[in-house]
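> For reference, the file upload26.pdb (PDB, C-alpha atoms) is included below:
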ATOM      1  CA  MET A  67     -42.873  -0.631 -24.995
ATOM      2  CA  ALA A  68     -41.309   0.395 -21.659
ATOM      3  CA  GLN A  69     -42.528  -1.482 -18.608
ATOM      4  CA  PHE A  70     -42.967   0.394 -15.354
ATOM      5  CA  ALA A  71     -42.255  -1.055 -11.920
ATOM      6  CA  ARG A  72     -44.730  -0.577  -9.085
ATOM      7  CA  PRO A  73     -43.560   1.063  -5.820
ATOM      8  CA  GLY A  74     -43.800  -2.263  -3.991
ATOM      9  CA  ASP A  75     -41.434  -3.901  -6.476
ATOM     10  CA  TYR A  76     -38.347  -2.051  -5.220
ATOM     11  CA  THR A  77     -36.875  -0.735  -1.990
ATOM     12  CA  PRO A  78     -36.535   2.963  -1.086
ATOM     13  CA  ALA A  79     -32.750   2.600  -1.445
ATOM     14  CA  GLU A  80     -33.160   1.223  -4.968
ATOM     15  CA  ALA A  81     -35.408   4.168  -5.859
ATOM     16  CA  MET A  82     -32.782   6.570  -4.526
ATOM     17  CA  VAL A  83     -30.085   4.941  -6.671
ATOM     18  CA  ILE A  84     -32.158   4.901  -9.874
ATOM     19  CA  TYR A  85     -33.335   8.498  -9.614
ATOM     20  CA  SER A  86     -29.756   9.509  -8.841
ATOM     21  CA  ALA A  87     -28.629   7.697 -11.997
ATOM     22  CA  ARG A  88     -31.217   9.635 -14.011
ATOM     23  CA  GLU A  89     -29.860  12.896 -12.602
ATOM     24  CA  LEU A  90     -26.535  12.086 -14.286
ATOM     25  CA  LYS A  91     -27.992  11.843 -17.802
ATOM     26  CA  ASN A  92     -26.556  15.204 -18.823
ATOM     27  CA  PHE A  93     -23.013  14.324 -17.811
ATOM     28  CA  ASP A  94     -22.122  11.983 -20.664
ATOM     29  CA  GLY A  95     -18.550  12.675 -21.725
ATOM     30  CA  ARG A  96     -17.957  14.763 -18.614
ATOM     31  CA  MET A  97     -15.906  14.113 -15.505
ATOM     32  CA  GLY A  98     -17.159  13.390 -11.989
ATOM     33  CA  LEU A  99     -15.454  12.746  -8.665
ATOM     34  CA  ILE A 100     -17.478  10.048  -6.954
ATOM     35  CA  GLY A 101     -17.776   9.029  -3.315
ATOM     36  CA  ILE A 102     -17.886   5.374  -2.330
ATOM     37  CA  GLY A 103     -21.122   3.501  -1.619
ATOM     38  CA  LEU A 104     -24.475   4.557  -3.062
ATOM     39  CA  PRO A 105     -23.021   7.426  -5.156
ATOM     40  CA  LEU A 106     -20.689   4.967  -6.900
ATOM     41  CA  LEU A 107     -23.535   2.489  -7.393
ATOM     42  CA  ALA A 108     -25.780   5.170  -8.946
ATOM     43  CA  THR A 109     -22.939   6.250 -11.215
ATOM     44  CA  GLN A 110     -22.473   2.686 -12.426
ATOM     45  CA  VAL A 111     -26.175   2.420 -13.265
ATOM     46  CA  ALA A 112     -25.981   5.735 -15.111
ATOM     47  CA  LYS A 113     -22.970   4.602 -17.150
ATOM     48  CA  LYS A 114     -24.702   1.393 -18.162
ATOM     49  CA  LEU A 115     -27.995   3.053 -19.140
ATOM     50  CA  TYR A 116     -27.591   6.732 -19.916
ATOM     51  CA  CYS A 117     -24.044   8.088 -20.131
ATOM     52  CA  PRO A 118     -21.458   5.449 -21.136
ATOM     53  CA  ASN A 119     -18.789   8.083 -21.809
ATOM     54  CA  MET A 120     -18.935   9.674 -18.385
ATOM     55  CA  ILE A 121     -15.518   9.618 -16.704
ATOM     56  CA  MET A 122     -15.439   8.596 -13.045
ATOM     57  CA  ILE A 123     -12.578   9.532 -10.740
ATOM     58  CA  VAL A 124     -12.254   8.240  -7.178
ATOM     59  CA  GLU A 125     -10.347  10.220  -4.556
ATOM     60  CA  THR A 126      -7.765   7.474  -4.073
ATOM     61  CA  GLY A 127      -6.593   7.997  -7.639
ATOM     62  CA  GLN A 128      -8.545   5.596  -9.849
ATOM     63  CA  ALA A 129      -9.274   7.493 -13.059
ATOM     64  CA  ASP A 130     -12.001   6.419 -15.466
ATOM     65  CA  ALA A 131     -12.930   3.752 -12.919
ATOM     66  CA  ASN A 132     -15.176   0.984 -14.213
ATOM     67  CA  PRO A 133     -15.327  -1.744 -11.534
ATOM     68  CA  ILE A 134     -17.083  -4.990 -12.395
ATOM     69  CA  GLU A 135     -18.187  -5.288  -8.747
ATOM     70  CA  ILE A 136     -19.070  -2.533  -6.293
ATOM     71  CA  PRO A 137     -16.177  -2.049  -3.818
ATOM     72  CA  ILE A 138     -16.832  -1.740  -0.104
ATOM     73  CA  SER A 139     -14.287   1.036   0.572
ATOM     74  CA  ILE A 140     -12.080   3.536  -1.234
ATOM     75  CA  MET A 141      -9.120   1.204  -0.597
ATOM     76  CA  ASP A 142     -10.792  -1.788  -2.249
ATOM     77  CA  SER A 143      -8.642  -3.045  -5.146
ATOM     78  CA  ARG A 144     -11.799  -3.643  -7.206
ATOM     79  CA  LEU A 145     -11.753   0.084  -7.911
ATOM     80  CA  THR A 146      -8.410  -0.182  -9.677
ATOM     81  CA  TYR A 147      -9.402  -3.102 -11.893
ATOM     82  CA  GLY A 148     -10.818  -1.728 -15.124
ATOM     83  CA  SER A 149      -9.650   1.853 -14.588
ATOM     84  CA  SER A 150      -7.764   3.637 -17.348
ATOM     85  CA  TRP A 151      -4.958   4.683 -15.057
ATOM     86  CA  GLN A 152      -4.047   4.725 -11.379
ATOM     87  CA  MET A 153      -2.848   7.918  -9.756
ATOM     88  CA  GLY A 154      -1.659   8.127  -6.184
ATOM     89  CA  ASP A 155      -3.464   9.380  -3.126
ATOM     90  CA  PRO A 156      -4.236  12.331  -2.878
ATOM     91  CA  GLU A 157      -3.574  12.940  -6.572
ATOM     92  CA  GLY A 158      -7.134  11.811  -7.261
ATOM     93  CA  LEU A 159      -8.293  15.164  -5.838
ATOM     94  CA  PHE A 160      -5.950  17.330  -7.904
ATOM     95  CA  PRO A 161      -8.374  17.682 -10.886
ATOM     96  CA  LEU A 162     -10.733  19.510  -8.486
ATOM     97  CA  VAL A 163      -8.404  22.434  -7.861
ATOM     98  CA  ARG A 164      -7.651  22.607 -11.587
ATOM     99  CA  GLY A 165     -11.371  23.120 -12.268
ATOM    100  CA  GLU A 166     -11.682  19.890 -14.268
ATOM    101  CA  ILE A 167     -14.436  18.169 -12.261
ATOM    102  CA  ASP A 168     -17.892  18.813 -13.693
ATOM    103  CA  PHE A 169     -19.771  17.241 -10.795
ATOM    104  CA  GLY A 170     -19.165  15.670  -7.418
ATOM    105  CA  PHE A 171     -21.357  12.964  -5.943
ATOM    106  CA  ILE A 172     -21.265  12.292  -2.196
ATOM    107  CA  GLY A 173     -23.194  10.807   0.716
ATOM    108  CA  GLY A 174     -23.154  11.620   4.418
ATOM    109  CA  ALA A 175     -24.864  11.282   7.777
ATOM    110  CA  GLN A 176     -26.662  14.653   7.878
ATOM    111  CA  ILE A 177     -27.671  17.363   5.432
ATOM    112  CA  ASP A 178     -29.212  20.717   6.300
ATOM    113  CA  LYS A 179     -31.514  23.124   4.497
ATOM    114  CA  TYR A 180     -28.589  24.852   2.753
ATOM    115  CA  GLY A 181     -27.042  21.606   1.520
ATOM    116  CA  ASN A 182     -24.258  21.480   4.109
ATOM    117  CA  VAL A 183     -23.238  17.868   4.786
ATOM    118  CA  ASN A 184     -21.923  16.236   7.962
ATOM    119  CA  SER A 185     -19.891  13.046   7.767
ATOM    120  CA  THR A 186     -17.671  13.695  10.818
ATOM    121  CA  PHE A 187     -19.602  13.204  14.091
ATOM    122  CA  ILE A 188     -23.047  13.299  15.682
ATOM    123  CA  GLY A 189     -23.540  15.317  18.857
ATOM    124  CA  SER A 190     -22.810  18.734  20.298
ATOM    125  CA  ASP A 191     -19.197  18.215  21.429
ATOM    126  CA  TYR A 192     -16.471  17.334  18.935
ATOM    127  CA  ASN A 193     -14.287  15.849  21.690
ATOM    128  CA  LYS A 194     -17.132  13.806  23.191
ATOM    129  CA  PRO A 195     -19.374  12.900  20.273
ATOM    130  CA  ALA A 196     -22.452  10.737  20.535
ATOM    131  CA  LYS A 197     -21.138   8.958  17.446
ATOM    132  CA  ARG A 198     -17.880   9.350  15.579
ATOM    133  CA  LEU A 199     -18.230   8.906  11.813
ATOM    134  CA  ALA A 200     -15.795   8.118   9.008
ATOM    135  CA  GLY A 201     -14.822  11.760   8.498
ATOM    136  CA  THR A 202     -14.366  13.921   5.470
ATOM    137  CA  ALA A 203     -12.025  11.895   3.230
ATOM    138  CA  GLY A 204     -12.444  13.888  -0.010
ATOM    139  CA  ALA A 205     -15.965  15.173   0.689
ATOM    140  CA  VAL A 206     -14.886  18.684   1.694
ATOM    141  CA  ASP A 207     -12.769  19.003  -1.462
ATOM    142  CA  ILE A 208     -15.574  17.696  -3.677
ATOM    143  CA  GLY A 209     -18.201  19.991  -2.151
ATOM    144  CA  GLY A 210     -15.822  22.927  -2.170
ATOM    145  CA  PHE A 211     -14.450  22.800  -5.700
ATOM    146  CA  ALA A 212     -16.598  20.685  -8.047
ATOM    147  CA  LYS A 213     -18.670  22.706 -10.516
ATOM    148  CA  THR A 214     -21.789  21.223  -8.937
ATOM    149  CA  THR A 215     -22.508  18.610  -6.270
ATOM    150  CA  ILE A 216     -25.165  15.913  -5.861
ATOM    151  CA  THR A 217     -25.819  14.456  -2.420
ATOM    152  CA  THR A 218     -27.678  11.276  -1.542
ATOM    153  CA  MET A 219     -28.710   9.687   1.764
ATOM    154  CA  HIS A 220     -31.702   8.111   3.485
ATOM    155  CA  HIS A 221     -34.485  10.572   4.291
ATOM    156  CA  GLN A 222     -34.958  10.629   8.057
ATOM    157  CA  LYS A 223     -35.659  13.477  10.453
ATOM    158  CA  ARG A 224     -32.354  12.911  12.245
ATOM    159  CA  ARG A 225     -30.497  13.168   8.928
ATOM    160  CA  VAL A 226     -32.297  15.998   7.098
ATOM    161  CA  VAL A 227     -31.918  18.740   9.682
ATOM    162  CA  GLU A 228     -32.171  22.478  10.273
ATOM    163  CA  LYS A 229     -28.444  22.684  10.990
ATOM    164  CA  VAL A 230     -25.816  19.942  10.785
ATOM    165  CA  ASP A 231     -23.995  18.990  13.973
ATOM    166  CA  TYR A 232     -20.683  19.531  12.174
ATOM    167  CA  LEU A 233     -20.007  21.125   8.799
ATOM    168  CA  THR A 234     -17.890  18.669   6.843
ATOM    169  CA  THR A 235     -18.853  19.687   3.308
ATOM    170  CA  PRO A 236     -19.990  23.238   2.461
ATOM    171  CA  GLY A 237     -23.360  23.864   0.875
ATOM    172  CA  TRP A 238     -24.828  27.193  -0.252
ATOM    173  CA  MET A 239     -24.644  29.019   3.099
ATOM    174  CA  VAL A 240     -21.951  28.352   5.697
ATOM    175  CA  LYS A 241     -21.029  29.872   9.032
ATOM    176  CA  LYS A 242     -17.969  32.081   8.832
ATOM    177  CA  TRP A 243     -15.401  31.461  11.545
ATOM    178  CA  PRO A 244     -14.853  32.970  14.083
ATOM    179  CA  GLU A 245     -17.744  35.448  13.719
ATOM    180  CA  GLY A 246     -20.409  32.747  13.465
ATOM    181  CA  THR A 247     -22.403  34.645  10.826
ATOM    182  CA  TRP A 248     -23.998  32.930   7.828
ATOM    183  CA  VAL A 249     -22.431  33.833   4.492
ATOM    184  CA  ARG A 250     -22.882  32.590   0.938
ATOM    185  CA  ARG A 251     -20.222  30.242  -0.326
ATOM    186  CA  GLU A 252     -19.100  32.640  -3.057
ATOM    187  CA  GLU A 253     -18.152  35.172  -0.387
ATOM    188  CA  LEU A 254     -15.595  32.627   0.800
ATOM    189  CA  GLY A 255     -14.232  32.171  -2.716
ATOM    190  CA  LEU A 256     -15.853  28.781  -3.262
ATOM    191  CA  PRO A 257     -17.044  27.946  -6.787
ATOM    192  CA  GLY A 258     -19.994  25.741  -7.727
ATOM    193  CA  GLY A 259     -22.532  24.612  -5.170
ATOM    194  CA  PRO A 260     -24.967  21.731  -4.578
ATOM    195  CA  SER A 261     -27.574  21.152  -7.285
ATOM    196  CA  CYS A 262     -29.792  18.612  -5.561
ATOM    197  CA  PHE A 263     -30.284  16.204  -2.698
ATOM    198  CA  ILE A 264     -31.751  12.841  -3.689
ATOM    199  CA  SER A 265     -33.175  10.775  -0.843
ATOM    200  CA  THR A 266     -35.236   7.640  -0.396
ATOM    201  CA  LEU A 267     -38.397   9.763  -0.711
ATOM    202  CA  GLY A 268     -37.739  12.323  -3.407
ATOM    203  CA  ILE A 269     -35.551  14.893  -5.109
ATOM    204  CA  MET A 270     -34.860  18.169  -3.331
ATOM    205  CA  ARG A 271     -33.347  21.263  -4.950
ATOM    206  CA  TYR A 272     -32.357  24.731  -3.715
ATOM    207  CA  ASP A 273     -34.215  27.997  -4.242
ATOM    208  CA  ASP A 274     -32.355  30.383  -6.554
ATOM    209  CA  GLU A 275     -32.719  33.316  -4.161
ATOM    210  CA  THR A 276     -32.771  31.948  -0.615
ATOM    211  CA  LYS A 277     -30.688  28.813  -1.366
ATOM    212  CA  ILE A 278     -33.011  26.878   0.966
ATOM    213  CA  MET A 279     -33.926  23.311   0.074
ATOM    214  CA  TYR A 280     -37.382  22.558  -1.335
ATOM    215  CA  VAL A 281     -39.102  19.429  -2.662
ATOM    216  CA  ASP A 282     -38.915  19.240  -6.437
ATOM    217  CA  GLN A 283     -40.206  15.689  -6.958
ATOM    218  CA  TYR A 284     -41.604  12.955  -4.749
ATOM    219  CA  PHE A 285     -41.273   9.307  -5.732
ATOM    220  CA  PRO A 286     -44.253   7.171  -6.798
ATOM    221  CA  GLY A 287     -45.978   5.748  -3.730
ATOM    222  CA  VAL A 288     -44.613   8.513  -1.494
ATOM    223  CA  ARG A 289     -46.885  11.141   0.027
ATOM    224  CA  VAL A 290     -45.680  14.733   0.295
ATOM    225  CA  GLN A 291     -46.654  14.618   3.967
ATOM    226  CA  GLN A 292     -44.139  11.780   4.458
ATOM    227  CA  ILE A 293     -41.357  14.080   3.336
ATOM    228  CA  LYS A 294     -42.497  16.832   5.694
ATOM    229  CA  GLU A 295     -42.749  14.381   8.610
ATOM    230  CA  ASN A 296     -39.249  13.064   7.971
ATOM    231  CA  THR A 297     -37.566  16.448   7.599
ATOM    232  CA  GLY A 298     -36.147  18.379  10.540
ATOM    233  CA  PHE A 299     -37.294  21.774   9.263
ATOM    234  CA  ASP A 300     -40.381  23.167   7.564
ATOM    235  CA  ILE A 301     -39.547  22.201   3.996
ATOM    236  CA  ASP A 302     -41.380  23.835   1.075
ATOM    237  CA  VAL A 303     -43.495  21.289  -0.833
ATOM    238  CA  SER A 304     -45.532  23.764  -2.899
ATOM    239  CA  ARG A 305     -43.500  23.077  -6.060
ATOM    240  CA  ALA A 306     -43.486  19.286  -5.724
ATOM    241  CA  THR A 307     -44.578  16.998  -8.564
ATOM    242  CA  GLU A 308     -44.576  13.215  -8.813
ATOM    243  CA  ALA A 309     -41.478  11.708 -10.441
ATOM    244  CA  GLU A 310     -41.721   9.527 -13.540
ATOM    245  CA  PRO A 311     -42.143   5.823 -12.617
ATOM    246  CA  ILE A 312     -39.141   3.519 -12.369
ATOM    247  CA  LEU A 313     -38.579   1.246 -15.340
ATOM    248  CA  VAL A 314     -38.305  -2.525 -15.000
ATOM    249  CA  GLU A 315     -35.120  -2.319 -17.092
ATOM    250  CA  GLU A 316     -33.577   0.150 -14.634
ATOM    251  CA  LEU A 317     -34.190  -2.308 -11.808
ATOM    252  CA  ARG A 318     -32.728  -5.173 -13.817
ATOM    253  CA  VAL A 319     -29.528  -3.269 -14.566
ATOM    254  CA  LEU A 320     -29.196  -2.208 -10.928
ATOM    255  CA  ARG A 321     -29.702  -5.713  -9.549
ATOM    256  CA  GLU A 322     -28.056  -7.889 -12.169
ATOM    257  CA  GLU A 323     -25.260  -5.722 -13.570
ATOM    258  CA  ALA A 324     -24.380  -2.909 -11.160
ATOM    259  CA  ASP A 325     -24.823  -4.617  -7.771
ATOM    260  CA  PRO A 326     -25.355  -8.359  -8.252
ATOM    261  CA  LEU A 327     -23.868  -9.069  -4.813
ATOM    262  CA  ASN A 328     -26.444  -6.713  -3.195
ATOM    263  CA  ILE A 329     -23.755  -4.863  -1.241
ATOM    264  CA  TYR A 330     -25.610  -1.551  -1.006
ATOM    265  CA  ARG A 331     -29.006  -1.439  -2.662
ATOM    266  CA  THR A 332     -31.180  -2.837   0.158
ATOM    267  CA  ARG A 333     -29.447  -1.041   3.020
TER     268      ARG A 333
END
As structure tokens, what does this structure read like?


Amino acid sequence: MAQFARPGDYTPAEAMVIYSARELKNFDGRMGLIGIGLPLLATQVAKKLYCPNMIMIVETGQADANPIEIPISIMDSRLTYGSSWQMGDPEGLFPLVRGEIDFGFIGGAQIDKYGNVNSTFIGSDYNKPAKRLAGTAGAVDIGGFAKTTITTMHHQKRRVVEKVDYLTTPGWMVKKWPEGTWVRREELGLPGGPSCFISTLGIMRYDDETKIMYVDQYFPGVRVQQIKENTGFDIDVSRATEAEPILVEELRVLREEADPLNIYRTR
């Protein structure tokens, strides 16, 4: 009989990883382009528990990556060990433009109500930012050309915002340059689109008509009001339901097999 973990038995980051892994259940035998960090960790948990035949590609060219330890950057040689083959950089992104990537999985510093992601800078002036971030790497390609995209990051008011400070990765609605008007991504010739945002508090999805983010599920031990208080816009919670509890076995796999060195899961 399955044993359930209590909310106090795991950290919010661990919850985010496990619910992200569950989101990948339907991608067994399919191909994903994965960002480094928590997306890669969640993918490893998913492969061990739910979808062993899922094929992971990393933007630096590691195909069918299966690292025995979680790498700390996209240049970490641990990504290459265990992969089926090693392409060059940027050849790891070429399957995107050929329409071969079923899903992309990325993180970032900010996400807005349309699923646009910022991983470039914080502030109002690109040339004088309050904080310069790592930049796009392959995130713009993943968000632009994968058949669907999953995003994950900590749920804080400064991160989940009305409008991102800089649009690194396109969501459902983007501002057309130079007019500055909002247009749907398909009007710009972009396929796919984000399917969900998984945070440390819950799972958010996008309305079919308006494409605005709403709360689909909140994690056990989380109050809906917490999500509203930590979101930078008036997010719809009317459709929210409580997520299924985390399993003790999911925690064991995360801690003992996927991230035994605790590189990411308690951050």

> What's the 7 Å shell around Val183 (chain A), counting only C-alpha atoms, without same-chain residues fewer than 2 positions away, as a list of chain:residue names?

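Residues meeting the cut-off are A:Gly174, A:Gln176, A:Ile177, A:Asp178, A:Gly181, A:Ser185, A:Val230, A:Leu233, A:Thr234, A:Thr235, A:Pro236.
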
> With all atoms listed in the file counted, which protein, DNA or RNA residues have an atom no more than 10 Å from (-6.8, 1.8, -1.4) in the file frame? Please answer as a list in words.

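So the residues meeting the distance criterion are Glu125, Thr126, Gly127, Gln128, Ser139, Ile140, Met141, Asp142, Ser143, Arg144, Leu145, Thr146, Gly154 and Asp155 of chain A.
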
> Could those selected residues go to a file with C-alpha atoms, as an mmCIF file, in the coordinates of the input?


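Output file result.cif follows:
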data_model
loop_
_atom_site.group_PDB
_atom_site.id
_atom_site.type_symbol
_atom_site.label_atom_id
_atom_site.label_comp_id
_atom_site.auth_asym_id
_atom_site.auth_seq_id
_atom_site.Cartn_x
_atom_site.Cartn_y
_atom_site.Cartn_z
ATOM 1 C CA GLU A 125 -10.347 10.220 -4.556
ATOM 2 C CA THR A 126 -7.765 7.474 -4.073
ATOM 3 C CA GLY A 127 -6.593 7.997 -7.639
ATOM 4 C CA GLN A 128 -8.545 5.596 -9.849
ATOM 5 C CA SER A 139 -14.287 1.036 0.572
ATOM 6 C CA ILE A 140 -12.080 3.536 -1.234
ATOM 7 C CA MET A 141 -9.120 1.204 -0.597
ATOM 8 C CA ASP A 142 -10.792 -1.788 -2.249
ATOM 9 C CA SER A 143 -8.642 -3.045 -5.146
ATOM 10 C CA ARG A 144 -11.799 -3.643 -7.206
ATOM 11 C CA LEU A 145 -11.753 0.084 -7.911
ATOM 12 C CA THR A 146 -8.410 -0.182 -9.677
ATOM 13 C CA GLY A 154 -1.659 8.127 -6.184
ATOM 14 C CA ASP A 155 -3.464 9.380 -3.126
#

> Give me the result of the PyMOL selection byres ((chain A and resi 83-88) around 7) on this file, residue by residue, as number ranges by chain.

A: 79-82, 89-91, 104, 108-109, 111-112, 264, 316

> Take every atom of region 256-265 of chain A listed in the file, fit an axis-aligned box around them, add 4 Å per side, and give the centre and edge lengths in Å to one decimal as JSON.


{"center_x": -24.5, "center_y": 19.8, "center_z": -4.3, "size_x": 25.3, "size_y": 26.0, "size_z": 14.9}

> Using the chain letters and numbers from the file, give me the residues hit by the PyMOL selection byres ((chain A and resi 122) around 7), as a VMD selection string.

chain A and resid 97 to 100 120 to 121 123 to 124 129 to 131

> Could you spell out the hits of the PyMOL selection byres ((chain A and resi 277-290) around 10) on the shown file, as a ChimeraX atom specification?

/A:71-74,78,81-82,85,178-181,237-239,250,259-276,291-295,299-312

> Pick out the residues sitting within 10 Å of Gly189 (chain A), and hand them over as a PyMOL selection string; count only C-alpha atoms, and ignore anything fewer than 5 positions along from it in its own chain.

chain A and resi 194-198+230-232

> Would you compute the distance between CA of Gly255 (chain A) and CA of Ile216 (chain A)? Give it in Å to one decimal.

19.8 Å

> Please indicate the distance in Å from CA of Thr214 (chain A) to CA of Ile172 (chain A), rounded to one decimal place.

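Pair CA of Thr214 (chain A) / CA of Ile172 (chain A) returns 11.2 Å.
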
> Please compute the CA of Lys213 (chain A)-CA of Gly258 (chain A) distance, one decimal, in Å.

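Atom-to-atom, CA of Lys213 (chain A) to CA of Gly258 (chain A), that is 4.3 Å.
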